[in-house]
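Here the structure is laid out as structure tokens; the discussion comes afterwards.
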Amino acid sequence: MDSTKTTGTTGASPAAIQAHYDVGNEFYRLWLDETMTYSSALWRDENDTASLAEAQQRKLVWHLKHSGADRATSVLDIGCGWGAMLRAAVRTRADGAAPLARGVGLTLSEAQAALARSLTASDQTIPPESSLEFRLESWADHQPAKPYGAIISVGAFEHFTKPADDAPAKIAIYRAFFTKCRDMLAPGGRMSLQTIAYGDPEDAVPAGPLVEDIFPESELPRLPEIILAANGLFEIELYRNDRTDYGRTCEIWAANLKAQKARAIEMVGKEQTRRYERYLKFAAWGFFSHRLHLLRFRMKRR
Ligand SMILES: C[S@@+](CC[C@H](N)C(=O)[O-])C[C@H]1O[C@@H](n2cnc3c(N)ncnc32)[C@H](O)[C@@H]1O
């Protein structure tokens, strides 16, 4: 697949995505949990003592159940990262459900696609009847031969628009995304979506450090933009704001990175390490102070 291919109407280009995610798999391995999940975990409440890895596992299962991917025999994961969701989809089956026959993950990062394939190849729990494919491809370019039974997208929506897009432009792009997802889903199918969003307008975070520095060419959505964009295409059956889950996740990542700082500097240099430290600190503050929200949706195809 050609990684330089344009992404049509969408936000961050493959080059911008790779500037972030191709920093190196081993660098991310230093501070993410062992599932290599790079998005908010899910805790029951602030008294829940689950480890990051357990809370990440719970998040994966939440999306699998809410999208119906635990029953579907074909699943699309848009923004699949290192492939944890699809490997969990193979293992997490509802009572009486057939095995997952086909899982397709889309990413714009070559490093992620390569590691997702090798982690999957070495995963002994994946039976031969389950085929997992990781494609270097934007959602806008994906042309499945048949509709999927379920779609999941976690932590990718943040990359679909650019800082220069105004609200109508953002809504148009998000609508193109929801239209594409509706068309790629079998009738009655569901999509589970997770994204960071700006909080209330008066609490808005200036786009600066989070977006420009660490996520080039990316802009966050606001809740009303998502609702307007999905209107008539998907019924929003459930929505929750788990902002403190992401605050907690970022704090744990920051502590992990601090503990591995010398190794991180060896791998990616002082400046890059400092940028990630700054980003994780800033993001944790944003979530705990209401400026950033973490939205999770269950949506049913109309
Ligand atoms: C923060 S990572 C989340 C990865 C994974 N879902 C997780 O939770 O660990 C964002 C992912 O979105 C992907 N992505 C960004 N823009 C995309 C696009 N237009 N089409 C498909 N994937 C995209 C990135 O390549 C990356 O895999």
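By order in the structure tokens, chains are A, B, ...; within a chain, residues start at 1; ligands start at 1, following the order shown.
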
How close does chain A get to ligand 1? List, as a tab-separated table, each residue of chain A within 6 Å, its nearest atom pair and the distance in Å to one decimal, counting only C-alpha atoms and all ligand atoms.
residue	atom	partner	partner_atom_place_in_ligand_line	distance
A:Thr37	CA	ligand 1	9 (O)	3.5
A:Tyr38	CA	ligand 1	9 (O)	3.6
A:Ser39	CA	ligand 1	8 (O)	4.3
A:Ile78	CA	ligand 1	21 (C)	5.2
A:Gly79	CA	ligand 1	12 (O)	3.4
A:Cys80	CA	ligand 1	6 (N)	4.4
A:Gly81	CA	ligand 1	27 (O)	3.5
A:Leu106	CA	ligand 1	21 (C)	4.9
A:Thr107	CA	ligand 1	25 (O)	3.8
A:Leu108	CA	ligand 1	25 (O)	3.9
A:Ser109	CA	ligand 1	25 (O)	4.7
A:Glu137	CA	ligand 1	21 (C)	6.0
A:Ser138	CA	ligand 1	20 (N)	3.3
A:Trp139	CA	ligand 1	20 (N)	4.4
A:Val154	CA	ligand 1	6 (N)	4.3
A:Gly155	CA	ligand 1	3 (C)	4.4
A:Ala156	CA	ligand 1	12 (O)	3.7
A:His159	CA	ligand 1	16 (N)	5.0
A:Phe160	CA	ligand 1	19 (N)	5.9

- Task: Name the residues in contact with A:Ser122 at a cut-off of 12 Å, using only C-alpha atoms, excluding same-chain residues fewer than 6 positions from it; report them as a list of chain:residue names.
- Result: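 The residues satisfying every condition are A:Arg87, A:Leu115, A:Ala116.
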
- Message: With only C-alpha atoms as the counted atoms, please give the residues lying no more than 8 Å from A:Arg248, apart from itself and same-chain residues fewer than 4 positions off, as JSON, numbers by chain.
- Response: {"A": [244, 252, 284]}

Suppose we keep C-alpha atoms; can you now write the selection as an mmCIF file, in the first residue's frame?
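Below is the file that was written, result-v4.cif:
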data_model
loop_
_atom_site.group_PDB
_atom_site.id
_atom_site.type_symbol
_atom_site.label_atom_id
_atom_site.label_comp_id
_atom_site.auth_asym_id
_atom_site.auth_seq_id
_atom_site.Cartn_x
_atom_site.Cartn_y
_atom_site.Cartn_z
ATOM 1 C CA THR A 244 -11.097 11.525 34.508
ATOM 2 C CA ILE A 252 0.217 6.688 34.702
ATOM 3 C CA ALA A 284 -3.829 15.168 32.352
#

- Item | Two-atom distance - atom CA of A:Ala176, atom CA of A:Ala19 (Å) |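 Atom-to-atom, atom CA of A:Ala176 and atom CA of A:Ala19 are spaced 25.1 Å apart.
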
- Task: Might you pull out every residue within 9 Å of A:Phe178, with only C-alpha atoms counted and same-chain residues fewer than 6 positions away left off, and present them as a PyMOL selection string?
- Result: chain A and resi 229-230+233-234

Just the selected residues (N, CA and C atoms), exported as a PDB file, in the first residue's frame, please.
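Saved to result-v6.pdb:
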ATOM      1  N   ALA A 229     -23.121  15.956  13.013  1.00  0.00           N
ATOM      2  CA  ALA A 229     -22.550  15.214  11.886  1.00  0.00           C
ATOM      3  C   ALA A 229     -23.164  13.820  11.755  1.00  0.00           C
ATOM      4  N   ALA A 230     -23.534  13.225  12.880  1.00  0.00           N
ATOM      5  CA  ALA A 230     -24.067  11.850  12.840  1.00  0.00           C
ATOM      6  C   ALA A 230     -25.575  11.819  12.617  1.00  0.00           C
ATOM      7  N   LEU A 233     -27.748   9.586  10.224  1.00  0.00           N
ATOM      8  CA  LEU A 233     -26.910   8.485   9.724  1.00  0.00           C
ATOM      9  C   LEU A 233     -26.780   7.393  10.782  1.00  0.00           C
ATOM     10  N   PHE A 234     -26.635   7.842  12.032  1.00  0.00           N
ATOM     11  CA  PHE A 234     -26.524   6.925  13.168  1.00  0.00           C
ATOM     12  C   PHE A 234     -27.430   7.418  14.290  1.00  0.00           C
TER      13      PHE A 234
END

- Task: Identify which of the residues A:Ala113, A:Val75, A:Ala55, A:Ala97 lies closest to A:Asp22, counting only C-alpha atoms when measuring atom-to-atom distances.
- Result: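 Closest to A:Asp22 of all the choices is A:Ala113.
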
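Nearest residue to A:Ala172, choosing from A:Glu266, A:His63, A:Gly11, A:Lys300 and counting only C-alpha atoms: A:Gly11.
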
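Interatomic distance, atom CA of A:Ala164 against atom CA of A:Glu219: 8.4 Å.
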
Give me, as a Markdown table, each residue of stretch 167-251 of chain A that comes within 7 Å of stretch 149-153 of chain A, together with its shortest interatomic pair and the distance in Å at one decimal, counting only C-alpha atoms, with rows ordered by chain and rising residue number.
| residue | atom | partner | partner_atom | distance |
| --- | --- | --- | --- | --- |
| A:Leu185 | CA | A:Gly149 | CA | 6.1 |
| A:Ala186 | CA | A:Gly149 | CA | 5.6 |
| A:Gly189 | CA | A:Ala150 | CA | 5.7 |
| A:Arg190 | CA | A:Ala150 | CA | 5.5 |
| A:Met191 | CA | A:Ile151 | CA | 4.6 |
| A:Ser192 | CA | A:Ile152 | CA | 4.8 |
| A:Leu193 | CA | A:Ser153 | CA | 4.9 |
| A:Gln194 | CA | A:Ser153 | CA | 6.3 |

- as a ChimeraX atom specification, which residues of stretch 86-246 of chain A does DSSP assign to strand (DSSP E)? /A:102-107,131-136,148-154,185-198,234-241

Could those selected residues go to a file with C-alpha atoms, as a PDB file, in the first residue's frame?
ATOM      1  CA  ARG A 102     -12.330 -11.312   9.446  1.00  0.00           C
ATOM      2  CA  GLY A 103     -10.870  -8.325  11.284  1.00  0.00           C
ATOM      3  CA  VAL A 104      -9.501  -5.348   9.380  1.00  0.00           C
ATOM      4  CA  GLY A 105      -7.491  -2.600  11.060  1.00  0.00           C
ATOM      5  CA  LEU A 106      -6.663   0.733   9.418  1.00  0.00           C
ATOM      6  CA  THR A 107      -3.729   2.914  10.440  1.00  0.00           C
ATOM      7  CA  SER A 131      -7.925 -13.646   9.688  1.00  0.00           C
ATOM      8  CA  LEU A 132      -6.637 -10.256  10.893  1.00  0.00           C
ATOM      9  CA  GLU A 133      -5.397  -7.770   8.334  1.00  0.00           C
ATOM     10  CA  PHE A 134      -3.661  -4.455   9.134  1.00  0.00           C
ATOM     11  CA  ARG A 135      -3.770  -1.945   6.310  1.00  0.00           C
ATOM     12  CA  LEU A 136      -1.865   1.286   5.831  1.00  0.00           C
ATOM     13  CA  TYR A 148     -18.828  -5.226   8.245  1.00  0.00           C
ATOM     14  CA  GLY A 149     -20.893  -6.541  11.135  1.00  0.00           C
ATOM     15  CA  ALA A 150     -19.388  -3.954  13.524  1.00  0.00           C
ATOM     16  CA  ILE A 151     -17.087  -0.927  13.418  1.00  0.00           C
ATOM     17  CA  ILE A 152     -14.905   0.408  16.231  1.00  0.00           C
ATOM     18  CA  SER A 153     -12.851   3.578  16.226  1.00  0.00           C
ATOM     19  CA  VAL A 154     -10.859   4.568  19.297  1.00  0.00           C
ATOM     20  CA  LEU A 185     -21.852  -1.373   8.072  1.00  0.00           C
ATOM     21  CA  ALA A 186     -24.394  -4.130   7.547  1.00  0.00           C
ATOM     22  CA  PRO A 187     -28.032  -3.128   8.286  1.00  0.00           C
ATOM     23  CA  GLY A 188     -28.641  -3.028  12.041  1.00  0.00           C
ATOM     24  CA  GLY A 189     -24.887  -2.807  12.685  1.00  0.00           C
ATOM     25  CA  ARG A 190     -23.345  -0.660  15.381  1.00  0.00           C
ATOM     26  CA  MET A 191     -20.292   1.513  15.712  1.00  0.00           C
ATOM     27  CA  SER A 192     -18.454   2.246  18.910  1.00  0.00           C
ATOM     28  CA  LEU A 193     -16.511   5.509  18.919  1.00  0.00           C
ATOM     29  CA  GLN A 194     -14.102   7.004  21.420  1.00  0.00           C
ATOM     30  CA  THR A 195     -12.538  10.442  21.071  1.00  0.00           C
ATOM     31  CA  ILE A 196     -11.047  13.292  23.023  1.00  0.00           C
ATOM     32  CA  ALA A 197     -13.130  16.465  22.634  1.00  0.00           C
ATOM     33  CA  TYR A 198     -12.885  20.039  23.797  1.00  0.00           C
ATOM     34  CA  PHE A 234     -26.524   6.925  13.168  1.00  0.00           C
ATOM     35  CA  GLU A 235     -28.758   6.822  16.199  1.00  0.00           C
ATOM     36  CA  ILE A 236     -26.672   7.735  19.241  1.00  0.00           C
ATOM     37  CA  GLU A 237     -27.868   5.091  21.697  1.00  0.00           C
ATOM     38  CA  LEU A 238     -25.413   5.851  24.457  1.00  0.00           C
ATOM     39  CA  TYR A 239     -22.842   8.496  25.226  1.00  0.00           C
ATOM     40  CA  ARG A 240     -20.574   9.031  28.213  1.00  0.00           C
ATOM     41  CA  ASN A 241     -17.859  11.453  29.189  1.00  0.00           C
TER      42      ASN A 241
END
